[in-house]
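A.B. asks: Input file: input36.cif. Contents: mmCIF, C-alpha atoms and all ligand atoms.
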```cif
data_target
loop_
_atom_site.label_atom_id
_atom_site.label_comp_id
_atom_site.auth_asym_id
_atom_site.auth_seq_id
_atom_site.Cartn_x
_atom_site.Cartn_y
_atom_site.Cartn_z
CA MET J 16 95.96 73.02 117.79
CA LYS J 17 92.18 72.76 117.20
CA THR J 18 90.15 75.85 117.89
CA VAL J 19 86.37 76.01 118.03
CA ILE J 20 83.93 78.91 118.47
CA ILE J 21 80.53 78.24 120.00
CA GLY J 22 78.09 81.06 120.68
CA SER J 23 77.48 84.55 119.41
CA SER J 24 78.50 88.00 120.69
CA GLY J 25 80.15 91.14 119.33
CA PHE J 26 83.57 89.62 119.89
CA LEU J 27 82.85 86.04 118.81
CA ASP J 28 81.01 87.25 115.71
CA VAL J 29 84.04 89.30 114.67
CA LEU J 30 86.23 86.21 115.00
CA LYS J 31 83.73 84.18 113.00
CA ALA J 32 83.63 86.80 110.27
CA LYS J 33 87.40 87.08 109.97
CA VAL J 34 88.49 83.46 110.31
CA PRO J 35 87.40 80.97 107.63
CA ALA J 36 84.52 78.85 109.00
CA ARG J 37 86.30 75.53 108.41
CA MET J 38 88.87 76.62 111.00
CA TRP J 39 86.42 76.98 113.89
CA THR J 40 83.19 75.07 113.18
CA LEU J 41 82.31 71.53 114.21
CA PRO J 42 80.90 68.94 111.81
CA THR J 43 77.68 68.81 113.82
CA ALA J 44 74.33 70.53 114.04
CA ASP J 45 74.40 74.06 115.41
CA ASP J 46 72.96 72.91 118.72
CA PHE J 47 74.64 73.33 122.07
CA THR J 48 73.96 69.83 123.41
CA VAL J 49 75.05 68.14 120.18
CA GLN J 50 78.18 70.28 119.99
CA THR J 51 79.29 69.63 123.56
CA MET J 52 78.57 65.90 123.14
CA PHE J 53 80.75 65.93 120.04
CA LEU J 54 83.64 67.66 121.83
CA ALA J 55 83.34 65.32 124.83
CA SER J 56 83.55 62.30 122.57
CA ASN J 57 86.54 63.75 120.69
CA PRO J 58 89.11 64.18 123.45
CA VAL J 59 92.21 66.24 122.81
CA PRO J 60 95.13 63.88 122.09
CA THR J 61 98.11 64.18 124.44
CA GLY J 62 100.64 66.69 123.23
CA ASN J 63 97.92 68.58 121.37
CA LYS J 64 95.89 71.61 122.27
CA GLY J 65 92.13 72.00 121.93
CA ILE J 66 90.51 75.36 122.59
CA VAL J 67 86.90 76.46 122.68
CA PHE J 68 85.87 80.14 122.74
CA THR J 69 82.31 80.52 123.98
CA ASN J 70 79.74 82.69 125.71
CA THR J 71 77.07 79.99 125.87
CA PRO J 72 76.24 79.00 129.43
CA GLY J 73 75.70 75.29 130.06
CA ASP J 74 77.43 72.14 131.15
CA TRP J 75 81.01 72.46 129.96
CA MET J 76 82.41 70.01 132.49
CA LYS J 77 82.39 66.98 130.21
CA VAL J 78 84.12 68.97 127.48
CA ALA J 79 86.81 70.15 129.92
CA LYS J 80 87.27 66.56 131.08
CA ALA J 81 88.02 65.59 127.47
CA GLY J 82 91.01 67.93 127.59
CA TRP J 83 89.49 71.01 125.92
CA ILE J 84 90.32 74.42 127.36
CA VAL J 85 87.02 76.29 127.32
CA TYR J 86 87.58 80.06 127.41
CA TRP J 87 84.65 82.06 128.67
CA CYS J 88 84.39 85.16 126.46
CA SER J 89 81.68 87.21 128.10
CA VAL J 90 81.32 89.80 130.83
CA GLU J 91 78.34 88.03 132.31
CA HIS J 92 79.56 85.82 135.11
CA SER J 93 82.98 87.36 134.57
CA GLN J 94 83.68 86.99 138.28
CA ARG J 95 82.62 83.36 138.26
CA THR J 96 82.89 81.68 134.91
CA PRO J 97 80.54 78.70 134.32
CA ILE J 98 81.91 75.44 135.63
CA GLY J 99 84.22 73.74 133.17
CA THR J 100 85.24 77.10 131.61
CA VAL J 101 88.06 79.51 132.43
CA GLY J 102 88.33 83.26 131.90
CA LEU J 103 90.57 84.51 129.11
CA PRO J 104 94.02 85.27 130.56
CA ASP J 105 95.10 88.93 130.62
CA SER J 106 97.76 88.27 128.01
CA TYR J 107 94.98 87.45 125.55
CA VAL J 108 92.47 90.14 126.48
CA ASP J 109 95.13 92.83 126.14
CA MET J 110 95.79 91.82 122.54
CA SER J 111 94.35 93.54 119.51
CA VAL J 112 91.87 91.43 117.56
CA ALA J 113 94.53 91.20 114.83
CA THR J 114 97.11 89.70 117.21
CA PHE J 115 94.52 87.40 118.77
CA ILE J 116 93.57 85.95 115.39
CA LYS J 117 97.24 85.65 114.41
CA THR J 118 97.97 83.80 117.67
CA PHE J 119 95.18 81.24 117.40
CA TRP J 120 94.72 80.82 113.65
CA ASN J 121 97.92 82.26 112.20
CA ILE J 122 95.90 84.46 109.89
CA HIS J 123 96.70 88.07 109.20
CA VAL J 124 93.78 90.49 109.47
CA ILE J 125 93.54 94.21 110.11
CA ASP J 126 91.70 95.01 113.31
CA LYS J 127 93.30 97.07 116.02
CA ARG J 128 90.43 96.92 118.48
CA ILE J 129 91.39 95.51 121.85
CA VAL J 130 89.87 92.15 122.81
CA ARG J 131 89.00 93.37 126.34
CA ASP J 132 87.05 96.33 124.95
CA MET J 133 85.17 94.10 122.56
CA ILE J 134 84.21 91.63 125.28
CA LEU J 135 83.11 94.50 127.51
CA GLY J 136 81.20 95.96 124.56
CA ILE J 137 83.18 99.22 124.69
CA GLU J 138 83.44 100.97 121.36
CA ARG J 139 86.54 102.99 122.08
CA THR J 140 87.75 104.87 119.10
CA LEU J 141 91.48 105.23 119.10
CA ALA J 142 92.81 108.21 117.19
CA PRO J 143 94.72 107.42 114.03
CA LEU J 144 98.46 107.09 114.55
CA LEU J 145 100.94 107.94 111.80
CA PRO J 146 104.50 106.73 112.37
CA VAL J 147 106.98 108.33 109.97
CA THR J 148 110.27 106.62 109.25
CA SER J 149 112.96 106.11 106.61
CA ASN J 150 115.95 104.00 105.82
CA THR J 151 118.45 106.82 105.46
CA GLY J 152 118.84 109.98 107.54
CA GLY J 153 117.97 113.57 106.73
CA VAL J 154 115.07 112.79 104.41
CA GLY J 155 112.68 115.23 106.08
CA LYS J 156 110.92 113.01 108.64
CA THR J 157 111.03 115.57 111.44
CA THR J 158 109.99 118.40 109.14
CA SER J 159 107.21 116.35 107.51
CA CYS J 160 105.80 115.43 110.93
CA GLN J 161 105.57 119.10 111.87
CA ARG J 162 103.88 119.90 108.61
CA PHE J 163 101.33 117.10 109.12
CA GLY J 164 100.63 118.60 112.53
CA ASP J 165 100.17 122.10 111.07
CA ARG J 166 97.73 120.96 108.44
CA ALA J 167 95.65 118.60 110.57
CA ALA J 168 95.34 121.26 113.28
CA GLU J 169 94.28 123.76 110.62
CA LEU J 170 91.27 121.52 109.93
CA GLY J 171 90.38 121.65 113.61
CA LEU J 172 91.86 118.37 114.77
CA HIS J 173 93.45 118.14 118.19
CA VAL J 174 96.89 116.83 117.26
CA LEU J 175 99.83 115.44 119.20
CA LEU J 176 103.30 115.04 117.72
CA VAL J 177 105.37 112.46 119.59
CA ASP J 178 109.15 112.53 119.19
CA GLY J 179 110.42 108.97 118.86
CA ASN J 180 114.03 110.00 118.16
CA ILE J 181 115.29 108.61 121.44
CA ARG J 182 118.93 109.42 120.84
CA GLN J 183 118.80 112.84 119.26
CA SER J 184 115.45 114.27 120.38
CA SER J 185 114.98 116.06 117.04
CA GLN J 186 111.78 117.89 117.86
CA ARG J 187 113.29 119.29 121.03
CA SER J 188 116.31 120.55 119.08
CA PHE J 189 113.95 122.34 116.72
CA PHE J 190 111.49 123.86 119.18
CA ASP J 191 113.87 124.41 122.09
CA PRO J 192 117.31 124.67 120.46
CA LEU J 193 119.00 126.04 123.59
CA TYR J 194 117.39 123.37 125.75
CA ASP J 195 116.40 126.05 128.24
CA LYS J 196 112.60 125.77 128.26
CA PRO J 197 110.82 123.95 131.08
CA VAL J 198 109.39 121.27 128.82
CA ARG J 199 107.82 117.93 129.56
CA THR J 200 109.06 114.75 127.97
CA ILE J 201 107.61 111.31 127.63
CA ALA J 202 109.79 110.29 130.58
CA ASP J 203 107.69 112.56 132.85
CA TRP J 204 104.65 110.41 132.21
CA ARG J 205 103.91 107.19 134.13
CA PRO J 206 101.17 104.65 133.45
CA GLY J 207 98.01 105.78 135.18
CA MET J 208 98.71 109.52 134.65
CA SER J 209 96.96 111.68 132.07
CA PRO J 210 98.99 111.67 128.84
CA THR J 211 99.11 115.49 129.02
CA ARG J 212 101.80 114.98 131.68
CA GLY J 213 104.21 113.91 128.95
CA ALA J 214 103.21 116.60 126.44
CA ASN J 215 103.63 120.35 125.91
CA PRO J 216 100.86 122.62 124.69
CA GLY J 217 101.53 123.98 121.21
CA ARG J 218 101.16 127.59 122.39
CA MET J 219 104.56 127.27 124.12
CA PHE J 220 106.09 127.21 120.64
CA ASN J 221 103.48 129.18 118.68
CA ILE J 222 102.11 126.14 116.94
CA ARG J 223 98.64 124.64 116.86
CA TYR J 224 99.50 121.07 117.83
CA ASP J 225 100.91 119.66 121.05
CA VAL J 226 104.31 117.99 121.27
CA ALA J 227 105.63 115.18 123.47
CA PHE J 228 109.42 115.29 123.48
CA ALA J 229 111.73 112.30 123.66
CA PRO J 230 113.37 111.66 127.05
CA PRO J 231 116.31 113.93 127.93
CA ALA J 232 119.85 112.63 127.46
CA GLY J 233 120.72 110.00 130.02
CA VAL J 234 117.13 109.03 130.82
CA LEU J 235 116.23 105.62 129.48
CA VAL J 236 112.72 104.83 128.34
CA ASP J 237 111.91 101.56 126.59
CA TRP J 238 109.56 100.97 123.69
CA LEU J 239 106.92 99.49 125.95
CA HIS J 240 106.73 102.85 127.73
CA TYR J 241 106.25 104.54 124.37
CA ARG J 242 103.56 102.07 123.41
CA ARG J 243 101.69 102.57 126.66
CA TYR J 244 101.96 106.31 126.27
CA LEU J 245 100.72 106.20 122.68
CA GLU J 246 97.72 104.06 123.68
CA GLU J 247 96.68 106.72 126.21
CA ALA J 248 97.47 109.59 123.85
CA ARG J 249 95.24 108.05 121.19
CA LYS J 250 92.29 108.31 123.53
CA LYS J 251 92.97 111.97 124.29
CA TRP J 252 94.02 113.52 120.96
CA ASP J 253 92.31 113.17 117.55
CA PHE J 254 95.47 112.39 115.62
CA VAL J 255 98.89 111.27 116.83
CA ILE J 256 102.01 111.66 114.67
CA LEU J 257 105.11 109.70 115.59
CA ASP J 258 108.47 111.03 114.40
CA LEU J 259 110.62 107.90 114.34
CA ASP J 260 114.31 107.38 113.80
CA ARG J 261 115.55 105.75 110.67
CA ILE J 262 115.22 101.96 110.69
CA SER J 263 116.86 99.10 108.84
CA ALA J 264 115.47 95.82 107.51
CA ASP J 265 117.18 93.77 110.24
CA ASP J 266 115.48 95.80 112.98
CA LEU J 267 111.97 94.86 111.94
CA ASP J 268 111.88 91.65 113.95
CA ASP J 269 114.18 92.82 116.77
CA PRO J 270 111.85 93.66 119.66
CA ASP J 271 114.54 95.81 121.32
CA SER J 272 114.70 98.24 118.41
CA ILE J 273 112.22 100.97 117.49
CA ALA J 274 111.26 99.02 114.42
CA GLY J 275 110.53 95.65 116.02
CA GLY J 276 109.45 97.08 119.38
CA LEU J 277 107.17 99.82 118.18
CA LEU J 278 106.54 99.96 114.49
CA THR J 279 106.01 96.29 113.66
CA PRO J 280 103.27 95.71 116.28
CA TYR J 281 101.39 98.80 115.11
CA VAL J 282 101.55 97.99 111.44
CA LEU J 283 100.50 94.40 112.09
CA ALA J 284 97.50 95.72 114.00
CA GLY J 285 96.48 97.79 110.98
CA ASP J 286 98.00 101.20 111.69
CA PRO J 287 99.55 103.01 108.75
CA CYS J 288 103.22 103.90 108.36
CA LEU J 289 104.87 106.47 106.14
CA VAL J 290 108.30 105.71 104.71
CA ILE J 291 110.21 108.62 103.21
CA VAL J 292 112.75 107.80 100.53
CA LYS J 293 115.53 110.15 99.51
CA ALA J 294 115.84 110.28 95.74
CA GLY J 295 119.17 109.11 94.38
CA ARG J 296 120.39 105.78 93.09
CA GLN J 297 122.00 104.57 96.26
CA THR J 298 119.45 105.94 98.72
CA GLN J 299 116.54 104.57 96.70
CA GLY J 300 118.33 101.22 96.50
CA ASP J 301 118.81 101.22 100.29
CA ALA J 302 115.14 102.03 100.77
CA MET J 303 114.19 99.13 98.50
CA ASN J 304 116.17 96.90 100.82
CA LEU J 305 113.99 97.95 103.73
CA LEU J 306 110.71 97.93 101.81
CA SER J 307 111.30 94.49 100.35
CA LYS J 308 111.38 93.05 103.88
CA PHE J 309 107.86 94.37 104.59
CA PRO J 310 105.88 91.59 102.86
CA GLU J 311 107.89 88.96 104.79
CA CYS J 312 106.95 90.69 108.03
CA GLY J 313 103.27 90.59 107.04
CA PHE J 314 102.97 94.36 106.53
CA PRO J 315 99.85 94.96 104.42
CA LYS J 316 100.84 97.14 101.49
CA GLU J 317 97.68 99.22 101.70
CA ARG J 318 98.86 100.46 105.12
CA ILE J 319 102.33 101.48 103.95
CA GLY J 320 102.62 104.95 102.46
CA ILE J 321 105.74 105.97 100.57
CA LYS J 322 106.94 109.35 99.41
CA ASP J 323 110.13 110.43 97.71
CA THR J 324 112.10 113.49 98.69
CA ILE J 325 114.17 115.04 95.92
CA PRO J 326 117.19 116.84 97.38
CA VAL J 327 118.07 120.31 96.15
CA GLY J 328 120.17 120.07 93.02
CA LEU J 329 119.33 116.49 92.05
CA GLU J 330 118.27 116.64 88.42
CA SER J 331 118.14 112.99 87.42
CA TYR J 332 115.24 111.86 89.59
CA GLN J 333 113.88 108.49 88.62
CA GLN J 334 110.68 107.19 90.18
CA TYR J 335 110.92 103.57 91.35
CA ASP J 336 108.04 101.13 91.35
CA TYR J 337 107.14 100.55 95.01
CA SER J 338 103.76 99.00 94.28
CA ARG J 339 104.65 95.62 95.76
CA TYR J 340 105.33 97.19 99.16
CA GLY J 341 103.05 100.16 99.59
CA LEU J 342 101.13 103.09 98.15
CA PHE J 343 103.17 105.82 96.51
CA PHE J 344 101.96 109.34 97.29
CA GLY J 345 104.38 111.33 95.18
CA ALA J 346 107.70 113.11 95.24
CA GLU J 347 108.44 116.30 97.12
CA ARG J 348 111.11 118.60 95.79
CA GLN J 349 113.23 120.26 98.45
CA THR J 350 114.10 123.90 97.90
CA ILE J 351 116.69 126.28 99.26
CA GLU J 352 113.86 128.50 100.40
CA ALA J 353 112.38 125.69 102.52
CA ALA J 354 115.82 124.82 103.88
CA ASN J 355 116.14 128.44 105.02
CA HIS J 356 112.74 128.33 106.69
CA ILE J 357 113.77 125.19 108.56
CA ALA J 358 117.11 126.68 109.57
CA ASN J 359 115.28 129.78 110.87
CA GLY J 360 112.94 127.65 112.95
CA ASP J 361 109.92 128.81 110.92
CA VAL J 362 106.71 126.81 110.91
CA GLN J 363 103.61 126.86 108.70
CA TRP J 364 105.08 128.26 105.52
CA LYS J 365 103.17 127.60 102.33
CA ASP J 366 105.12 125.31 100.08
CA PRO J 367 103.53 124.18 96.82
CA GLN J 368 106.39 121.67 96.36
CA LEU J 369 105.29 119.80 99.47
CA ASP J 370 101.64 120.61 100.14
CA TYR J 371 100.05 118.31 97.56
CA VAL J 372 101.80 115.14 98.71
CA ARG J 373 101.13 116.04 102.34
CA GLU J 374 97.43 116.46 101.65
CA ARG J 375 97.23 113.13 99.85
CA ILE J 376 98.91 111.36 102.74
CA LEU J 377 96.63 112.92 105.34
CA ASP J 378 93.58 112.01 103.28
CA TRP J 379 94.81 108.41 103.16
CA VAL J 380 95.35 108.26 106.94
CA MET J 381 92.08 110.04 107.76
CA PRO J 382 89.60 109.70 104.92
CA ASP J 383 86.46 111.84 105.04
CA MET J 384 87.99 114.43 107.35
CA GLY J 385 87.97 117.18 104.75
CA PHE J 386 91.49 116.89 103.33
CA ASN J 387 91.29 117.93 99.73
CA SER J 388 94.29 116.98 97.65
CA GLU J 389 92.68 118.28 94.43
CA ALA J 390 92.89 121.79 95.83
CA TYR J 391 96.66 121.40 96.20
CA LYS J 392 97.31 119.69 92.91
CA PRO J 393 100.11 121.48 91.06
CA LYS J 394 98.71 123.32 88.05
CA PRO J 395 100.18 122.12 84.76
CA LYS J 396 102.70 124.62 83.45
CA ARG J 397 101.33 126.66 80.60
CA LYS J 398 103.16 125.86 77.47
CA GLY J 399 103.87 128.33 74.72
CA TRP J 400 104.97 131.78 74.19
CA PHE J 401 103.28 133.66 77.04
CA LYS J 402 104.31 132.23 80.39
N1 LIG C 1 111.40 120.55 102.15
C1 LIG C 1 112.68 120.78 102.38
N2 LIG C 1 113.37 121.61 101.59
C2 LIG C 1 114.68 121.81 101.80
N3 LIG C 1 115.39 121.26 102.75
C3 LIG C 1 114.77 120.41 103.57
C4 LIG C 1 113.37 120.12 103.44
N4 LIG C 1 113.04 119.22 104.39
C5 LIG C 1 114.18 118.98 105.08
N5 LIG C 1 115.21 119.69 104.61
C6 LIG C 1 116.60 119.73 105.06
O1 LIG C 1 116.96 118.46 105.54
C7 LIG C 1 117.37 118.56 106.89
C8 LIG C 1 116.87 117.34 107.63
O2 LIG C 1 115.46 117.40 107.70
P1 LIG C 1 114.73 116.60 108.84
O3 LIG C 1 115.37 116.85 110.16
O4 LIG C 1 113.28 116.90 108.71
O5 LIG C 1 115.04 115.13 108.36
P2 LIG C 1 114.98 113.75 109.18
O6 LIG C 1 114.67 112.70 108.19
O7 LIG C 1 114.08 113.90 110.32
O8 LIG C 1 116.48 113.62 109.68
P3 LIG C 1 117.06 112.55 110.75
O9 LIG C 1 117.25 111.28 110.01
O10 LIG C 1 118.34 113.18 111.17
O11 LIG C 1 116.05 112.46 111.84
C9 LIG C 1 116.78 119.88 107.39
O12 LIG C 1 117.54 120.42 108.43
C10 LIG C 1 116.82 120.72 106.17
O13 LIG C 1 118.09 121.26 106.04
MG MG C 2 114.44 113.52 112.34
#
```
Render the structure in this file as structure tokens.
Ligand SMILES: Nc1ncnc2c1ncn2[C@@H]1O[C@H](COP(=O)(O)OP(=O)(O)OP(=O)(O)O)[C@@H](O)[C@H]1O
Ligand SMILES: [Mg+2]

C.D. replies:
Amino acid sequence: MKTVIIGSSGFLDVLKAKVPARMWTLPTADDFTVQTMFLASNPVPTGNKGIVFTNTPGDWMKVAKAGWIVYWCSVEHSQRTPIGTVGLPDSYVDMSVATFIKTFWNIHVIDKRIVRDMILGIERTLAPLLPVTSNTGGVGKTTSCQRFGDRAAELGLHVLLVDGNIRQSSQRSFFDPLYDKPVRTIADWRPGMSPTRGANPGRMFNIRYDVAFAPPAGVLVDWLHYRRYLEEARKKWDFVILDLDRISADDLDDPDSIAGGLLTPYVLAGDPCLVIVKAGRQTQGDAMNLLSKFPECGFPKERIGIKDTIPVGLESYQQYDYSRYGLFFGAERQTIEAANHIANGDVQWKDPQLDYVRERILDWVMPDMGFNSEAYKPKPKRKGWFK
């Protein structure tokens, strides 16, 4: 496939900046007539594909006749594209810039803006999304997500926590253990509705962030539904946290699983992901298995956050080197006191064992929002006689 860019606009300039010039320029002068003459006299060989992205009006007919597909990338004349050109199909304009560049040039870049918005010149800021996952169960994903919500809301952000535990609906079990509250779930929302239709205001549970529960037992919702919901939620809330199930390395490229269907597309578009690892030889080894698949999947390591959870009673904690796969934010020590808080359904307890790592992670996801990890840094223990 040969792919050429001719013209200049917000969208085309982003492509030009992110794709090496040799992959889209022509060996001619930067002049429309010369360029179209060149393309017309270099027809696309049968069995090959030649694509031009442009917003320059002019005579494209002779280029089209030479077998080039000329995609018109501009809103002007969007109803009637200049003769010889065709509009970009919906499947392309719905892509993120990252996916678009991967599709046409097989290059990995981070840019989650949507092609349609860029062509229309809409600067839509999508709220940051933080999916939280792990390789083994019971590492504190559900609890950590709630604590992220508490802290971000404390700084004044309008936060939504989305429960992605399709099978066990963990957040519902925590906030509505008897399953007797009239709550909304993501299954109550349909495309076209406001995303509030799938969410519950935090005041229902005495918390400061809103919660969208997973569908009730027996109601099936696929990952596409989740993705559509999240896209809408990211326009409405300032920060969206996604409590995911555990995932395994094999799931990452299976589009029917949460990993391949939900997580992989987000991470490839530049969203972050937090992986929680339970300390212990076997559990850390299992986590390494998952993490070591990330580079193969094209996950950029600067978008992968990792934290260790040290279970109560584990003395021989050894920190692994995760630097090839992601950024390590520290280890959190679980305590019996915290376990009691969780069992009692408490929220918002101060926990010096957990607060520092949480603050560092939030500051990574949302820099310049006022998170201050220094303020939470554990003070070094005073040595010596007087404690
Ligand atoms: N900071 C903590 N201190 C002590 N115990 C904790 C802490 N965090 C979690 N736990 C314990 O671990 C249990 C599981 O926590 P949580 O539900 O947050 O994990 P999870 O990773 O979401 O689990 P699952 O894989 O089942 O979704 C809690 O019920 C609690 O008993
Ligand atoms: Mg959970």

A.B. asks: Could you list, as a PyMOL selection string, all protein and nucleic acid residues with an atom at most 12 Å from ligand MG 2 (chain C), counting all atoms listed in the file?

C.D. replies: chain J and resi 147-161+177-189+229+257-262+291

A.B. asks: Do you know which residues are at most 10 Å from Leu144 (chain J) counting all atoms listed in the file, after dropping those on the same chain fewer than 4 positions away, and could you put them as a PyMOL selection string?

C.D. replies: chain J and resi 175-176+245-246+248-249+253-257+281+286-288+380-381

A.B. asks: I need the residue nearest ligand LIG 1 (chain C) from this list: J:Phe386, J:Tyr107, J:Tyr337, J:Phe163. Use only C-alpha atoms and all ligand atoms for the distance.

C.D. replies: J:Phe163

A.B. asks: What does the distance between CA of Ile134 (chain J) and CA of Gly99 (chain J) come to in Å, to one decimal place?

C.D. replies: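 Rounded to one decimal, the two atoms are 19.6 Å apart.
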
A.B. asks: Using all atoms listed in the file, which residue out of J:Gly328, J:Gly233, J:Pro197, J:Gly385 lies closest to Gly171 (chain J)?

C.D. replies: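 Residue with the minimum atom-to-atom distance to Gly171 (chain J): J:Gly385.
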
A.B. asks: As a ChimeraX atom specification, please: the residues near Asp165 (chain J) (cut-off 8 Å, all atoms listed in the file, same-chain neighbours under 5 positions excluded).

C.D. replies: /J:222-224,363
